[in-house]
Structures are given as C-alpha cells and as structure tokens.
$ cat coords09.cif   # mmCIF, C-alpha atoms
data_coords
#
loop_
_atom_site.label_atom_id
_atom_site.label_comp_id
_atom_site.auth_asym_id
_atom_site.auth_seq_id
_atom_site.Cartn_x
_atom_site.Cartn_y
_atom_site.Cartn_z
CA MET A 1 70.10 72.87 100.53
CA GLY A 2 69.70 69.40 99.00
CA GLU A 3 72.33 67.43 97.15
CA GLU A 4 70.35 67.81 93.94
CA ASN A 5 70.37 71.60 94.21
CA ILE A 6 74.09 71.63 94.92
CA SER A 7 74.83 69.53 91.86
CA ARG A 8 72.73 71.92 89.77
CA LEU A 9 74.66 74.88 91.19
CA VAL A 10 77.93 73.14 90.33
CA GLU A 11 76.63 72.52 86.81
CA GLY A 12 75.75 76.25 86.55
CA ALA A 13 71.99 75.83 86.09
CA PRO A 14 70.50 79.35 85.70
CA GLU A 15 67.43 78.77 87.87
CA ALA A 16 69.51 77.22 90.66
CA TRP A 17 71.84 80.23 90.70
CA GLY A 18 68.86 82.56 90.49
CA ASP A 19 67.37 80.95 93.60
CA PHE A 20 70.71 81.07 95.38
CA VAL A 21 71.29 84.76 94.62
CA HIS A 22 67.77 85.73 95.63
CA CYS A 23 67.89 83.71 98.85
CA HIS A 24 71.34 84.68 100.08
CA SER A 25 72.50 87.93 98.49
CA ASP A 26 70.94 90.20 101.15
CA SER A 27 72.66 88.34 103.94
CA LEU A 28 75.99 88.30 102.09
CA LEU A 29 75.68 92.02 101.35
CA ARG A 30 75.10 92.80 105.04
CA MET A 31 78.12 90.73 105.99
CA ALA A 32 80.20 92.52 103.35
CA VAL A 33 79.16 95.96 104.59
CA LEU A 34 80.39 95.00 108.05
CA LEU A 35 83.71 93.86 106.60
CA VAL A 36 84.41 96.80 104.28
CA GLY A 37 82.52 99.54 106.13
CA ASP A 38 80.86 101.04 103.06
CA ARG A 39 77.64 100.19 101.18
CA ASP A 40 79.00 100.71 97.65
CA LEU A 41 82.21 98.82 98.27
CA ALA A 42 80.16 96.02 99.83
CA GLN A 43 78.09 95.81 96.65
CA ASP A 44 81.28 95.57 94.65
CA ALA A 45 82.58 92.81 96.94
CA LEU A 46 79.34 90.87 96.69
CA GLN A 47 79.17 91.22 92.92
CA ASP A 48 82.79 90.19 92.43
CA GLY A 49 82.40 87.38 94.98
CA LEU A 50 79.32 85.86 93.34
CA LEU A 51 80.90 86.09 89.89
CA ALA A 52 84.05 84.45 91.25
CA ALA A 53 81.98 81.70 92.89
CA TYR A 54 80.12 81.08 89.64
CA ARG A 55 83.40 80.82 87.78
CA ALA A 56 84.91 78.49 90.38
CA ARG A 57 81.74 76.41 90.91
CA GLN A 58 83.26 73.22 89.53
CA GLY A 59 85.99 73.44 92.13
CA PHE A 60 83.45 73.01 94.94
CA ARG A 61 84.41 69.80 96.74
CA GLY A 62 81.61 69.59 99.28
CA GLU A 63 83.96 69.96 102.26
CA ALA A 64 81.73 72.73 103.60
CA ARG A 65 78.17 73.85 102.92
CA PHE A 66 77.80 75.56 99.56
CA TYR A 67 76.69 78.79 101.23
CA THR A 68 79.73 78.70 103.52
CA TRP A 69 81.97 78.17 100.51
CA VAL A 70 80.48 81.22 98.75
CA THR A 71 80.73 83.21 102.00
CA ALA A 72 84.46 82.49 102.09
CA ILE A 73 84.83 83.76 98.51
CA VAL A 74 82.94 86.98 99.31
CA ILE A 75 85.12 87.49 102.41
CA ASN A 76 88.20 87.19 100.18
CA GLU A 77 86.78 89.87 97.89
CA CYS A 78 86.21 92.09 100.94
CA ARG A 79 89.86 91.60 101.91
CA LYS A 80 90.98 92.62 98.42
CA ILE A 81 88.87 95.77 98.62
CA ASN A 82 90.19 96.54 102.10
CA ARG A 83 93.76 96.20 100.86
CA LEU A 84 93.03 98.63 98.02
CA SER A 85 91.31 101.00 100.44
CA VAL A 86 94.29 100.94 102.80
CA LYS A 87 96.59 101.87 99.92
CA ARG A 88 94.23 104.63 98.85
CA GLU A 89 93.89 106.03 102.36
CA ARG A 90 97.66 105.90 102.81
CA ALA A 91 98.04 107.92 99.61
CA VAL A 92 95.55 110.42 100.96
CA ARG A 93 97.22 110.63 104.37
CA ILE A 94 100.63 111.48 102.94
CA SER A 95 99.20 114.70 101.59
CA ALA A 96 98.79 117.40 104.19
CA ALA A 97 96.33 119.17 101.93
CA VAL A 98 93.38 116.86 102.42
CA PRO A 99 92.22 116.72 106.04
CA GLU A 100 88.68 117.42 104.94
CA LEU A 101 88.68 114.41 102.60
CA ALA A 102 89.89 112.05 105.33
CA HIS A 103 87.17 113.37 107.59
CA ARG A 104 84.50 112.95 104.92
CA GLU A 105 85.55 109.37 104.13
CA ASP A 106 85.53 108.43 107.80
CA THR A 107 82.07 109.79 108.36
CA SER A 108 80.63 108.32 105.18
CA ALA A 109 81.62 104.90 106.45
CA SER A 110 80.31 105.37 109.94
CA THR A 111 77.04 107.25 109.95
CA GLU A 112 74.91 105.14 107.65
CA PHE A 113 73.82 102.45 110.05
CA GLY A 114 73.64 102.10 113.85
CA SER A 115 76.02 102.30 116.80
CA LEU A 116 77.10 98.65 116.80
CA TYR A 117 77.89 98.83 113.09
CA ASN A 118 79.97 101.95 113.72
CA ALA A 119 81.89 100.24 116.51
CA ILE A 120 82.60 97.17 114.36
CA ALA A 121 83.64 99.34 111.39
CA SER A 122 86.32 100.93 113.58
CA LEU A 123 87.96 97.58 114.51
CA GLY A 124 91.06 96.15 112.84
CA GLU A 125 90.48 93.80 109.90
CA GLN A 126 91.03 90.50 111.72
CA GLU A 127 88.96 91.51 114.73
CA ARG A 128 86.22 92.76 112.42
CA GLU A 129 86.15 89.41 110.60
CA VAL A 130 85.94 87.49 113.88
CA VAL A 131 83.17 89.70 115.23
CA THR A 132 81.19 89.61 111.97
CA LEU A 133 81.37 85.83 111.62
CA TYR A 134 80.42 85.34 115.27
CA TYR A 135 77.66 87.90 115.73
CA PHE A 136 76.25 88.25 112.22
CA ASN A 137 76.88 84.85 110.61
CA ASP A 138 76.39 82.93 113.91
CA TRP A 139 79.48 80.81 113.36
CA LYS A 140 80.98 78.89 116.28
CA VAL A 141 84.36 79.89 117.70
CA SER A 142 85.95 76.64 116.43
CA ALA A 143 84.63 77.25 112.89
CA ILE A 144 85.93 80.82 112.89
CA ALA A 145 89.32 79.67 114.14
CA THR A 146 89.58 77.05 111.39
CA PHE A 147 88.42 79.41 108.66
CA LEU A 148 90.74 82.27 109.66
CA GLY A 149 93.66 79.98 110.58
CA LEU A 150 93.76 81.24 114.17
CA LYS A 151 93.90 79.50 117.53
CA GLU A 152 90.57 79.31 119.33
CA GLY A 153 92.12 81.30 122.18
CA THR A 154 92.95 84.13 119.80
CA VAL A 155 89.38 84.18 118.50
CA LYS A 156 88.06 84.24 122.09
CA SER A 157 90.43 87.12 122.95
CA HIS A 158 89.18 89.14 119.98
CA LEU A 159 85.59 88.42 121.00
CA ALA A 160 86.20 89.34 124.65
CA ARG A 161 87.69 92.71 123.69
CA ALA A 162 84.91 93.41 121.22
CA ARG A 163 82.23 92.26 123.67
CA ASN A 164 83.43 94.70 126.32
CA ARG A 165 83.37 97.53 123.84
CA LEU A 166 79.98 96.60 122.40
CA ARG A 167 78.56 96.06 125.90
CA GLY A 168 79.42 99.68 126.71
CA ILE A 169 77.69 100.85 123.55
CA LEU A 170 74.60 98.79 124.35
CA ARG A 171 74.53 100.36 127.80
CA ARG A 172 74.65 103.84 126.28
CA ILE A 173 71.89 102.90 123.81
CA GLY A 174 69.81 101.66 126.75
CA GLU A 175 70.37 104.89 128.65
CA GLY A 176 69.36 106.83 125.55
CA ASP A 177 66.16 104.78 125.26
CA ASP A 178 65.37 105.47 128.92
CA GLU A 179 65.58 109.23 128.52
CA MET B 180 75.40 77.22 143.40
CA MET B 181 77.08 78.57 140.31
CA ARG B 182 80.72 79.49 140.23
CA GLY B 183 81.69 83.01 139.25
CA ASP B 184 82.94 81.79 135.83
CA ASP B 185 79.56 80.19 135.07
CA THR B 186 77.77 83.40 135.95
CA GLU B 187 80.17 85.31 133.73
CA ASN B 188 79.59 82.86 130.85
CA MET B 189 75.83 83.12 131.18
CA ASP B 190 76.16 86.87 131.20
CA ASN B 191 78.34 86.72 128.07
CA MET B 192 75.87 84.45 126.31
CA GLU B 193 73.05 86.87 127.02
CA ILE B 194 75.15 89.84 125.89
CA ASP B 195 76.13 87.94 122.73
CA ARG B 196 72.49 87.19 121.98
CA ILE B 197 71.56 90.86 122.38
CA ILE B 198 74.51 92.11 120.30
CA SER B 199 73.74 89.63 117.52
CA ALA B 200 70.03 90.55 117.40
CA ARG B 201 70.71 94.29 117.56
CA LEU B 202 73.39 94.12 114.84
CA LYS B 203 71.05 92.24 112.49
CA GLU B 204 68.34 94.79 113.23
CA GLU B 205 70.68 97.67 112.34
CA LEU B 206 71.40 96.12 108.95
CA ALA B 207 67.90 94.86 108.21
CA GLU B 208 67.11 97.70 105.82
CA LEU B 209 70.09 96.93 103.62
CA TYR B 210 69.13 94.68 100.74
CA VAL B 211 70.06 93.90 97.15
CA ARG B 212 67.85 95.61 94.59
CA ASP B 213 65.92 93.16 92.41
CA GLU B 214 67.06 94.71 89.16
CA TRP B 215 70.69 94.55 90.26
CA ALA B 216 70.36 90.88 91.23
CA SER B 217 68.68 90.15 87.89
CA GLU B 218 71.40 91.96 86.00
CA MET B 219 74.07 90.08 87.93
CA MET B 220 72.36 86.80 87.10
CA ARG B 221 72.14 87.77 83.44
CA GLN B 222 75.88 88.46 83.46
CA MET B 223 76.62 85.15 85.13
CA VAL B 224 74.32 82.86 83.24
CA ASP B 225 72.76 84.23 80.06
CA ASP B 226 75.90 85.62 78.47
CA GLY B 227 78.15 83.05 80.10
CA VAL B 228 80.63 84.69 82.38
CA GLU B 229 83.55 83.00 80.69
CA ARG B 230 82.78 84.96 77.54
CA THR B 231 82.18 88.24 79.36
CA SER B 232 84.96 90.77 79.10
CA GLY B 233 86.28 92.51 82.17
CA ALA B 234 84.87 95.83 80.98
CA ASP B 235 81.35 94.40 80.65
CA GLU B 236 81.63 92.85 84.06
CA ARG B 237 82.65 96.12 85.69
CA LEU B 238 79.63 97.79 84.15
CA CYS B 239 77.39 95.14 85.68
CA ASN B 240 76.43 97.54 88.46
CA PRO B 241 77.21 100.96 87.01
CA VAL B 242 75.81 103.15 89.76
CA SER B 243 77.76 101.37 92.44
CA ARG B 244 80.84 101.48 90.25
CA ALA B 245 80.33 105.16 89.56
CA ARG B 246 80.25 105.91 93.27
CA THR B 247 83.45 103.95 93.79
CA TRP B 248 85.11 105.70 90.85
CA ARG B 249 83.89 109.05 92.15
CA ARG B 250 85.64 108.45 95.46
CA ARG B 251 88.78 107.36 93.63
CA CYS B 252 88.64 110.49 91.47
CA GLN B 253 88.26 112.60 94.59
CA SER B 254 91.21 110.86 96.21
CA ILE B 255 93.43 111.47 93.21
CA LEU B 256 92.37 115.08 92.80
CA ASN B 257 92.67 115.85 96.49
CA ALA B 258 95.83 113.93 97.27
CA GLU B 259 97.77 115.77 94.57
CA LEU B 260 99.56 112.63 93.52
CA GLU B 261 102.15 112.79 90.79
CA ILE B 262 99.57 112.71 88.01
CA PRO B 263 99.45 116.10 86.25
CA LEU B 264 95.88 117.37 86.25
CA PRO B 265 95.69 117.91 82.45
CA VAL B 266 96.75 114.29 81.90
CA PHE B 267 94.15 113.08 84.38
CA VAL B 268 91.37 115.19 82.89
CA THR B 269 92.26 114.20 79.30
CA ALA B 270 92.36 110.52 80.23
CA GLY B 271 89.10 110.87 82.15
CA ALA B 272 87.39 112.58 79.21
CA ALA B 273 88.58 109.83 76.86
CA VAL B 274 87.22 107.15 79.21
CA VAL B 275 83.87 108.92 79.55
CA ALA B 276 83.61 109.44 75.77
CA THR B 277 84.41 105.78 75.11
CA ALA B 278 81.88 104.68 77.71
CA LEU B 279 79.22 106.92 76.16
CA ILE B 280 79.88 105.42 72.73
CA ILE B 281 79.59 101.91 74.18
CA ALA B 282 76.42 102.85 76.07
CA THR B 283 74.88 104.34 72.93
CA SER B 284 75.72 101.23 70.95
CA TRP B 285 73.92 99.20 73.61
CA GLN B 286 70.95 101.45 73.25
CA MET B 287 70.89 100.58 69.55
CA THR B 288 70.77 96.90 70.42
CA ALA B 289 67.12 96.25 70.92
CA VAL B 290 67.05 92.68 72.23
CA PRO B 291 66.11 92.27 75.02
CA PRO B 292 65.00 95.91 75.37
CA SER B 293 64.20 95.94 79.08
CA VAL B 294 67.66 94.81 80.11
CA HIS B 295 69.52 97.07 77.73
CA MET B 296 67.44 100.15 78.49
CA TRP B 297 68.04 99.63 82.19
CA ARG B 298 71.75 99.30 81.64
CA VAL B 299 71.92 102.37 79.47
CA SER B 300 69.97 104.59 81.83
CA GLU B 301 71.98 103.40 84.82
CA SER B 302 75.25 103.86 82.93
CA HIS B 303 74.35 107.38 81.93
CA HIS B 304 73.35 108.21 85.47
CA GLY B 305 76.60 106.78 86.82
CA MET B 306 78.71 108.68 84.33
CA ALA B 307 76.79 111.87 85.00
CA VAL B 308 77.73 111.51 88.67
CA ILE B 309 81.42 111.23 87.78
CA VAL B 310 81.36 114.15 85.35
CA GLN B 311 79.53 116.31 87.87
CA GLU B 312 81.98 115.50 90.65
CA VAL B 313 85.04 116.14 88.48
CA ALA B 314 83.52 119.39 87.24
CA ILE B 315 82.91 120.54 90.81
CA LYS B 316 86.52 119.75 91.74
CA LEU B 317 87.86 121.68 88.77
#
$ encode --input "coords09.cif" --output "structure tokens"
Amino acid sequence: MGEENISRLVEGAPEAWGDFVHCHSDSLLRMAVLLVGDRDLAQDALQDGLLAAYRARQGFRGEARFYTWVTAIVINECRKINRLSVKRERAVRISAAVPELAHREDTSASTEFGSLYNAIASLGEQEREVVTLYYFNDWKVSAIATFLGLKEGTVKSHLARARNRLRGILRRIGEGDDE
Amino acid sequence: MMRGDDTENMDNMEIDRIISARLKEELAELYVRDEWASEMMRQMVDDGVERTSGADERLCNPVSRARTWRRRCQSILNAELEIPLPVFVTAGAAVVATALIIATSWQMTAVPPSVHMWRVSESHHGMAVIVQEVAIKL
C-alpha cells in the first residue's frame, strides 16, 4: 500500500476506506473467527474493529503497516468479545439446569469449519492468538512476540505444543483420505 | 550430513507449511457479504461515524446482532439468573417495540431507498428471529 493511499486512509477518504474494506475484510473476518470461535461474533469483532480503526485513523503513526495496525485493533475487539463470552459461559456453568445449552454452544462453535479450525478453537486464548498469527497471518515468531509482549521462547513453546497437536490431526485427516 | 536438529527443523517447516495451507483452505468459504461491507462503509463514511449514535452503530449488521442477542437471551433464560422472567419479557417487549418503531420510521425515509429498504428488511428479519426464539423458550 503506497504512502499516498495511507495518507488518504488517515484523512478518511471514502474511496480509500472502501478499497481497504473490500480488499482486507475477508481475511480479517477469517482471522477473527479463529480467535473468537464463532462466525457471528467474528462479524461483530470485525465490524467493531473497523469502526474503531476509522475513528482512530488520525492516531496512526506509521510504526507498522496500516493493515497490521488495523489487524491489532480487530484482535483487541476479539479479546473484548472473548472476555464477555467467558463471563457469559461462567454464568451458564453456575447453573446446574443447563447442560444442554453448554453442549449446544460448544458444538455451534466447533462444527462449522474443518478439523484444524476445531483444534485451534479449543486452545487457550494466548495460544490461539499465537497459532492464528503464525499459521493464518504468516507473521514471524519475533513479530508475534513483540505484538503479544511475550518472549520468543514462549511463542515457540506455544507453537511446538500446537504443532504436535495439529500434526496428529493432519495424520488422521490423511488416514481418512486414504480410506 | 544434517544434524538431527536440522532434520527436525525441516520437518517442522514442512508441517507448518501444510498446516497453514490447510487452515486457509478450511476458512476459504467464509467471506464478508457485499451488502454488509457497503452498509459498514456507509456507517463509517457517509453519515460520519462521529455523528452516529451507538444504537445506530449496533444496528449496522442487524442479522449478526440478532444472532448474538438470541444467544444472550437463551443464556439468560436458561441460566435462571436473578432476573425475574416477567421483568425480562416486559423489557424485551419494550425493546422490540421501540426497535420496530425506529425501523418503521426508517422505512418512511425514502432517501436513499436501496440502503434503507435493506436495513429495514434485515432489521425485521433479525427481530423476528429474537421474538421466535423467546416465544419458543416461553
């Protein structure tokens, strides 16, 4: 993205934002669905994230790529939604009367896409962010560490654990394809 | 000759490449609908987001919001939290009635018709989902 386009985005030019949304919203939505584990919540996160980015556009300092800056804002919206979801699920768990709801919510989050998505959706929040940024966004370990405020070794540990798990799933998928 | 670590790293790089490709393939069918993106842009740019109220913003994607609200309604109804059901139902009915009035007033606003008609039909659909779900629960 050229300097001229970035300055137009910072100014809030409609056509520049239109191009940005149409170029990047699919990718951001897919990242969000990995982070929140639900299509509708991901749409909410993307919508809130893009609106927040538009509002904050004049605060963009050019320290990262514009797309990376917006990605960070959408990730923050995903975290907010996850925090709300945790509270909601905790409220549900304290009631013994709702096992069927807990079951339904779990399955709604985990049957929509494929096996790797399901495995990533079941990880803890930090591990899920590391795995998403590495495998989906193709970020380097050092960039992930800086962005999440972790040591590179911690990021590598998360990736090693996730890789082992995902490797097993890939093996099972391969066996399924062979049958 | 490669050391064991190098072999392991090469193996990991190959696994990473496969995982990354497969993950992107799994999500390839997920995309933003054109009309939703257009509506989002209209909210951001045409009206000026600084002037947009929170309520308008939340209605930016009414179907998605309705699904989220439906889950929240289900959680509240099922979890038997300390909200008496009559209070919840009365408050819910008031919210739905207010939203219908707002939606109808949008319908009366004819410019630009395509945008407003889309919003109205989506809003009605979203609210119908909520009403149906609450009715089933009751």
$ atom_distance --input "coords09.cif" --atom1 "CA of Ala162 in chain A" --atom2 "CA of Val131 in chain A"
7.3 Å
$ residues_near_point --input "coords09.cif" --point "(72.1, 84.1, 104.2)" --cutoff "9 Å" --atoms "all atoms listed in the file" --output "compact mmCIF listing (two decimals) with C-alpha atoms, in the coordinates of the input"
# COMPACT_ATOMS: atom_id res chain seq x y z
CA CYS A 23 67.89 83.71 98.85
CA HIS A 24 71.34 84.68 100.08
CA SER A 25 72.50 87.93 98.49
CA ASP A 26 70.94 90.20 101.15
CA SER A 27 72.66 88.34 103.94
CA LEU A 28 75.99 88.30 102.09
CA TYR A 67 76.69 78.79 101.23
CA THR A 71 80.73 83.21 102.00
CA ASN A 137 76.88 84.85 110.61
$ atom_distance --input "coords09.cif" --atom1 "CA of Val21 in chain A" --atom2 "CA of Leu50 in chain A"
8.2 Å
$ resolve_selection --input "coords09.cif" --expression "the PyMOL selection byres ((chain A and resi 20) around 12)" --output "PyMOL selection string"
(chain A and resi 1+5-6+8-10+12-19+21-28+50+53-54+66-67+70) or (chain B and resi 216-217+220)
$ write_last_selection --input "coords09.cif" --atoms "C-alpha atoms" --output "PDB file, in the frame of the given file"
ATOM      1  CA  MET A   1      70.100  72.870 100.530  1.00  0.00           C
ATOM      2  CA  ASN A   5      70.370  71.600  94.210  1.00  0.00           C
ATOM      3  CA  ILE A   6      74.090  71.630  94.920  1.00  0.00           C
ATOM      4  CA  ARG A   8      72.730  71.920  89.770  1.00  0.00           C
ATOM      5  CA  LEU A   9      74.660  74.880  91.190  1.00  0.00           C
ATOM      6  CA  VAL A  10      77.930  73.140  90.330  1.00  0.00           C
ATOM      7  CA  GLY A  12      75.750  76.250  86.550  1.00  0.00           C
ATOM      8  CA  ALA A  13      71.990  75.830  86.090  1.00  0.00           C
ATOM      9  CA  PRO A  14      70.500  79.350  85.700  1.00  0.00           C
ATOM     10  CA  GLU A  15      67.430  78.770  87.870  1.00  0.00           C
ATOM     11  CA  ALA A  16      69.510  77.220  90.660  1.00  0.00           C
ATOM     12  CA  TRP A  17      71.840  80.230  90.700  1.00  0.00           C
ATOM     13  CA  GLY A  18      68.860  82.560  90.490  1.00  0.00           C
ATOM     14  CA  ASP A  19      67.370  80.950  93.600  1.00  0.00           C
ATOM     15  CA  VAL A  21      71.290  84.760  94.620  1.00  0.00           C
ATOM     16  CA  HIS A  22      67.770  85.730  95.630  1.00  0.00           C
ATOM     17  CA  CYS A  23      67.890  83.710  98.850  1.00  0.00           C
ATOM     18  CA  HIS A  24      71.340  84.680 100.080  1.00  0.00           C
ATOM     19  CA  SER A  25      72.500  87.930  98.490  1.00  0.00           C
ATOM     20  CA  ASP A  26      70.940  90.200 101.150  1.00  0.00           C
ATOM     21  CA  SER A  27      72.660  88.340 103.940  1.00  0.00           C
ATOM     22  CA  LEU A  28      75.990  88.300 102.090  1.00  0.00           C
ATOM     23  CA  LEU A  50      79.320  85.860  93.340  1.00  0.00           C
ATOM     24  CA  ALA A  53      81.980  81.700  92.890  1.00  0.00           C
ATOM     25  CA  TYR A  54      80.120  81.080  89.640  1.00  0.00           C
ATOM     26  CA  PHE A  66      77.800  75.560  99.560  1.00  0.00           C
ATOM     27  CA  TYR A  67      76.690  78.790 101.230  1.00  0.00           C
ATOM     28  CA  VAL A  70      80.480  81.220  98.750  1.00  0.00           C
TER      29      VAL A  70
ATOM     30  CA  ALA B 216      70.360  90.880  91.230  1.00  0.00           C
ATOM     31  CA  SER B 217      68.680  90.150  87.890  1.00  0.00           C
ATOM     32  CA  MET B 220      72.360  86.800  87.100  1.00  0.00           C
TER      33      MET B 220
END
$ atom_distance --input "coords09.cif" --atom1 "CA of Ile281 in chain B" --atom2 "CA of Cys78 in chain A"
29.3 Å
$ residues_around --input "coords09.cif" --residues "Ile194 in chain B" --least-positions-apart "2" --cutoff "10 Å" --atoms "all atoms listed in the file" --output "list of chain:residue names"
A:Arg163, A:Asn164, A:Leu166, A:Arg167, A:Leu170, B:Asn188, B:Met189, B:Asp190, B:Asn191, B:Met192, B:Arg196, B:Ile197, B:Ile198, B:Ser199, B:Ala200
$ closest_residue --input "coords09.cif" --among "B:Asp195, B:Leu202, B:Met219, B:Asp213" --to "Asn118 in chain A" --atoms "all atoms listed in the file"
B:Leu202
$ decode --input "coords09.cif" --residues "range 30-88 of chain A" --atoms "C-alpha atoms" --output "PDB file, in the first residue's frame"
ATOM      1  CA  ARG A  30     -11.289 -15.339   8.925  1.00  0.00           C
ATOM      2  CA  MET A  31      -8.699 -14.334  11.491  1.00  0.00           C
ATOM      3  CA  ALA A  32     -11.454 -13.161  13.842  1.00  0.00           C
ATOM      4  CA  VAL A  33     -13.375 -16.428  13.525  1.00  0.00           C
ATOM      5  CA  LEU A  34     -10.241 -18.288  14.590  1.00  0.00           C
ATOM      6  CA  LEU A  35      -9.851 -16.002  17.598  1.00  0.00           C
ATOM      7  CA  VAL A  36     -13.451 -15.989  18.835  1.00  0.00           C
ATOM      8  CA  GLY A  37     -14.578 -19.399  17.552  1.00  0.00           C
ATOM      9  CA  ASP A  38     -17.923 -18.235  16.174  1.00  0.00           C
ATOM     10  CA  ARG A  39     -18.960 -16.719  12.828  1.00  0.00           C
ATOM     11  CA  ASP A  40     -21.451 -14.170  14.205  1.00  0.00           C
ATOM     12  CA  LEU A  41     -19.169 -12.998  16.990  1.00  0.00           C
ATOM     13  CA  ALA A  42     -16.354 -12.698  14.447  1.00  0.00           C
ATOM     14  CA  GLN A  43     -18.553 -10.439  12.324  1.00  0.00           C
ATOM     15  CA  ASP A  44     -19.214  -8.310  15.377  1.00  0.00           C
ATOM     16  CA  ALA A  45     -15.483  -8.134  16.134  1.00  0.00           C
ATOM     17  CA  LEU A  46     -14.651  -7.162  12.567  1.00  0.00           C
ATOM     18  CA  GLN A  47     -17.373  -4.541  12.413  1.00  0.00           C
ATOM     19  CA  ASP A  48     -16.409  -3.003  15.753  1.00  0.00           C
ATOM     20  CA  GLY A  49     -12.709  -3.225  14.851  1.00  0.00           C
ATOM     21  CA  LEU A  50     -13.072  -1.449  11.508  1.00  0.00           C
ATOM     22  CA  LEU A  51     -15.251   1.252  13.043  1.00  0.00           C
ATOM     23  CA  ALA A  52     -12.695   1.694  15.834  1.00  0.00           C
ATOM     24  CA  ALA A  53      -9.871   1.892  13.278  1.00  0.00           C
ATOM     25  CA  TYR A  54     -11.776   4.504  11.281  1.00  0.00           C
ATOM     26  CA  ARG A  55     -12.318   6.550  14.421  1.00  0.00           C
ATOM     27  CA  ALA A  56      -8.678   6.249  15.475  1.00  0.00           C
ATOM     28  CA  ARG A  57      -7.226   6.721  11.962  1.00  0.00           C
ATOM     29  CA  GLN A  58      -5.515  10.000  12.796  1.00  0.00           C
ATOM     30  CA  GLY A  59      -3.612   8.257  15.559  1.00  0.00           C
ATOM     31  CA  PHE A  60      -1.832   6.033  13.022  1.00  0.00           C
ATOM     32  CA  ARG A  61       1.878   6.832  13.351  1.00  0.00           C
ATOM     33  CA  GLY A  62       3.278   4.637  10.602  1.00  0.00           C
ATOM     34  CA  GLU A  63       5.266   2.464  13.025  1.00  0.00           C
ATOM     35  CA  ALA A  64       3.742  -0.629  11.411  1.00  0.00           C
ATOM     36  CA  ARG A  65       1.965  -1.316   8.132  1.00  0.00           C
ATOM     37  CA  PHE A  66      -1.545   0.115   8.064  1.00  0.00           C
ATOM     38  CA  TYR A  67      -3.040  -3.356   7.639  1.00  0.00           C
ATOM     39  CA  THR A  68      -1.054  -4.620  10.638  1.00  0.00           C
ATOM     40  CA  TRP A  69      -2.300  -1.678  12.682  1.00  0.00           C
ATOM     41  CA  VAL A  70      -5.931  -2.476  11.802  1.00  0.00           C
ATOM     42  CA  THR A  71      -5.280  -6.171  12.489  1.00  0.00           C
ATOM     43  CA  ALA A  72      -4.151  -5.260  16.006  1.00  0.00           C
ATOM     44  CA  ILE A  73      -7.368  -3.294  16.566  1.00  0.00           C
ATOM     45  CA  VAL A  74      -9.532  -6.199  15.360  1.00  0.00           C
ATOM     46  CA  ILE A  75      -7.594  -8.577  17.647  1.00  0.00           C
ATOM     47  CA  ASN A  76      -8.375  -6.262  20.571  1.00  0.00           C
ATOM     48  CA  GLU A  77     -12.071  -6.404  19.677  1.00  0.00           C
ATOM     49  CA  CYS A  78     -11.836 -10.211  19.612  1.00  0.00           C
ATOM     50  CA  ARG A  79     -10.322 -10.130  23.107  1.00  0.00           C
ATOM     51  CA  LYS A  80     -13.191  -7.962  24.353  1.00  0.00           C
ATOM     52  CA  ILE A  81     -15.719 -10.401  22.913  1.00  0.00           C
ATOM     53  CA  ASN A  82     -13.853 -13.360  24.416  1.00  0.00           C
ATOM     54  CA  ARG A  83     -13.891 -11.698  27.827  1.00  0.00           C
ATOM     55  CA  LEU A  84     -17.656 -11.173  27.552  1.00  0.00           C
ATOM     56  CA  SER A  85     -18.108 -14.756  26.367  1.00  0.00           C
ATOM     57  CA  VAL A  86     -16.115 -16.100  29.319  1.00  0.00           C
ATOM     58  CA  LYS A  87     -18.345 -14.167  31.710  1.00  0.00           C
ATOM     59  CA  ARG A  88     -21.445 -15.433  29.930  1.00  0.00           C
TER      60      ARG A  88
END
